[in-house]
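Q: Handing you this structure, nothing more for now.
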Amino acid sequence: MAKPKTYIVTVEKNSNYCGEGAGGAQFAQGKATITSERLAKWFKEHDGYKVEEVKAAEEKEDKKG
């Protein structure tokens, strides 16, 4: 079974936000770590959020070659 992808969601206009966001995402200092692709898509489709996929350390090493 494939390991779920991990995403970092950042609140663009409130870097100090702490609390619960859509889908139960827990924000601390304006950032939340999630593993739901569906929820990551929701944040991407709504203004005010930046979504970045976290790459596994081994994937980064493979690309360095």
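Naming scheme: A, B, ... for chains in displayed order of the structure tokens; residues 1 onward per chain; ligands 1 onward as shown.
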Tell me, as a list in words, which residues lie within 8 Å of Ile8 in chain A, counting only C-alpha atoms; anything in the same chain fewer than 6 positions away does not count.
A: Lys31, Ala32, Thr33, Ile34, Val51, Glu52, Glu53 and Val54 of chain A
Q: With only C-alpha atoms as the counted atoms, please give the residues lying no more than 9 Å from Ser36 in chain A, apart from itself and same-chain residues fewer than 5 positions off, as a list in words.
A: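 Answer for this query is Pro4, Lys5, Thr6, Tyr7 and Lys41 of chain A.
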Q: Keeping only all heavy atoms, write those residues as a PDB file, in the first residue's frame.
A:
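What ended up in out-v1.pdb:
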ATOM      1  N   PRO A   4       0.507   7.649   2.179  1.00  0.00           N
ATOM      2  CA  PRO A   4      -0.262   8.833   1.778  1.00  0.00           C
ATOM      3  C   PRO A   4       0.651  10.043   1.602  1.00  0.00           C
ATOM      4  O   PRO A   4       1.678  10.172   2.280  1.00  0.00           O
ATOM      5  CB  PRO A   4      -1.241   9.053   2.921  1.00  0.00           C
ATOM      6  CG  PRO A   4      -0.676   8.302   4.074  1.00  0.00           C
ATOM      7  CD  PRO A   4       0.165   7.195   3.518  1.00  0.00           C
ATOM      8  N   LYS A   5       0.276  10.909   0.693  1.00  0.00           N
ATOM      9  CA  LYS A   5       1.023  12.144   0.485  1.00  0.00           C
ATOM     10  C   LYS A   5       0.771  13.066   1.670  1.00  0.00           C
ATOM     11  O   LYS A   5      -0.263  13.001   2.319  1.00  0.00           O
ATOM     12  CB  LYS A   5       0.566  12.827  -0.797  1.00  0.00           C
ATOM     13  CG  LYS A   5       0.900  12.029  -2.034  1.00  0.00           C
ATOM     14  CD  LYS A   5       0.425  12.747  -3.273  1.00  0.00           C
ATOM     15  CE  LYS A   5       0.724  11.933  -4.506  1.00  0.00           C
ATOM     16  NZ  LYS A   5       0.254  12.586  -5.719  1.00  0.00           N
ATOM     17  N   THR A   6       1.727  13.921   1.923  1.00  0.00           N
ATOM     18  CA  THR A   6       1.615  14.899   3.006  1.00  0.00           C
ATOM     19  C   THR A   6       1.648  16.284   2.404  1.00  0.00           C
ATOM     20  O   THR A   6       2.428  16.555   1.493  1.00  0.00           O
ATOM     21  CB  THR A   6       2.768  14.733   4.016  1.00  0.00           C
ATOM     22  OG1 THR A   6       2.722  13.408   4.544  1.00  0.00           O
ATOM     23  CG2 THR A   6       2.643  15.729   5.163  1.00  0.00           C
ATOM     24  N   TYR A   7       0.796  17.170   2.919  1.00  0.00           N
ATOM     25  CA  TYR A   7       0.696  18.534   2.421  1.00  0.00           C
ATOM     26  C   TYR A   7       0.813  19.511   3.582  1.00  0.00           C
ATOM     27  O   TYR A   7       0.336  19.235   4.682  1.00  0.00           O
ATOM     28  CB  TYR A   7      -0.662  18.767   1.742  1.00  0.00           C
ATOM     29  CG  TYR A   7      -0.945  17.830   0.608  1.00  0.00           C
ATOM     30  CD1 TYR A   7      -1.593  16.614   0.842  1.00  0.00           C
ATOM     31  CD2 TYR A   7      -0.579  18.136  -0.695  1.00  0.00           C
ATOM     32  CE1 TYR A   7      -1.861  15.740  -0.200  1.00  0.00           C
ATOM     33  CE2 TYR A   7      -0.841  17.274  -1.742  1.00  0.00           C
ATOM     34  CZ  TYR A   7      -1.483  16.074  -1.483  1.00  0.00           C
ATOM     35  OH  TYR A   7      -1.744  15.216  -2.518  1.00  0.00           O
ATOM     36  N   LYS A  41      -7.004  19.546  -2.129  1.00  0.00           N
ATOM     37  CA  LYS A  41      -7.655  20.121  -3.309  1.00  0.00           C
ATOM     38  C   LYS A  41      -8.618  21.237  -2.889  1.00  0.00           C
ATOM     39  O   LYS A  41      -8.683  22.286  -3.527  1.00  0.00           O
ATOM     40  CB  LYS A  41      -8.404  19.030  -4.073  1.00  0.00           C
ATOM     41  CG  LYS A  41      -9.064  19.519  -5.329  1.00  0.00           C
ATOM     42  CD  LYS A  41      -9.767  18.398  -6.069  1.00  0.00           C
ATOM     43  CE  LYS A  41     -10.492  18.967  -7.276  1.00  0.00           C
ATOM     44  NZ  LYS A  41     -11.284  17.981  -7.973  1.00  0.00           N
TER      45      LYS A  41
END
Q: Using DSSP assignments from the backbone, pull out every residue in chain A that falls under strand (DSSP E) and give it to me as a VMD selection string.
A: chain A and resid 6 to 11 19 to 20 26 to 27 31 to 34 49 to 54
Q: For CA of Ala40 in chain A and CA of Val11 in chain A, determine how far apart the two atoms are, in Å to one decimal place.
A: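 Distance reported for this atom pair: 12.8 Å.
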Q: Please provide as a list in words all residues within 9 Å of Ser15 in chain A, with the sequence filter that same-chain residues fewer than 6 positions apart are discarded (counting only C-alpha atoms).
A: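 That gives Ala28, Gln29, Gly30 and Lys31 of chain A.
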Q: Excluding Lys3 in chain A and its own-chain neighbours fewer than 6 positions away, which residues fall within 12 Å of it when counting only C-alpha atoms? Please give them as a list of chain:residue names.
A: A:Thr35, A:Ser36, A:Lys55, A:Ala56
Q: Quick one: residues within 7 Å of Lys50 in chain A, only C-alpha atoms counted, chain neighbours fewer than 2 positions away excluded, as a ChimeraX atom specification?
A: /A:9-12,44,48,52
Q: Write to file, as a short mmCIF file (atom, residue, chain, number, x, y, z; two decimals), in the first residue's frame, the residues of the selection just made, with N, CA and C atoms.
A:
data_model
loop_
_atom_site.label_atom_id
_atom_site.label_comp_id
_atom_site.auth_asym_id
_atom_site.auth_seq_id
_atom_site.Cartn_x
_atom_site.Cartn_y
_atom_site.Cartn_z
N VAL A 9 -0.44 23.25 4.48
CA VAL A 9 -1.37 24.31 4.10
C VAL A 9 -1.01 25.55 4.91
N THR A 10 -0.82 26.67 4.22
CA THR A 10 -0.46 27.91 4.88
C THR A 10 -1.56 28.94 4.68
N VAL A 11 -1.95 29.62 5.75
CA VAL A 11 -2.91 30.72 5.67
C VAL A 11 -2.11 31.93 5.22
N GLU A 12 -2.42 32.46 4.04
CA GLU A 12 -1.59 33.51 3.44
C GLU A 12 -1.68 34.86 4.15
N LYS A 44 -6.66 24.31 -2.14
CA LYS A 44 -6.12 24.89 -3.39
C LYS A 44 -7.19 25.69 -4.13
N GLY A 48 -6.72 32.43 -0.34
CA GLY A 48 -6.17 32.69 0.98
C GLY A 48 -5.31 31.57 1.54
N GLU A 52 1.40 23.09 -0.32
CA GLU A 52 2.64 22.52 -0.83
C GLU A 52 2.69 21.04 -0.47
#
Q: I'd like the interatomic distance between CA of Met1 in chain A and CA of Ala25 in chain A, to a tenth of an Å.
A: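 Calculated distance between CA of Met1 in chain A and CA of Ala25 in chain A is 24.0 Å.
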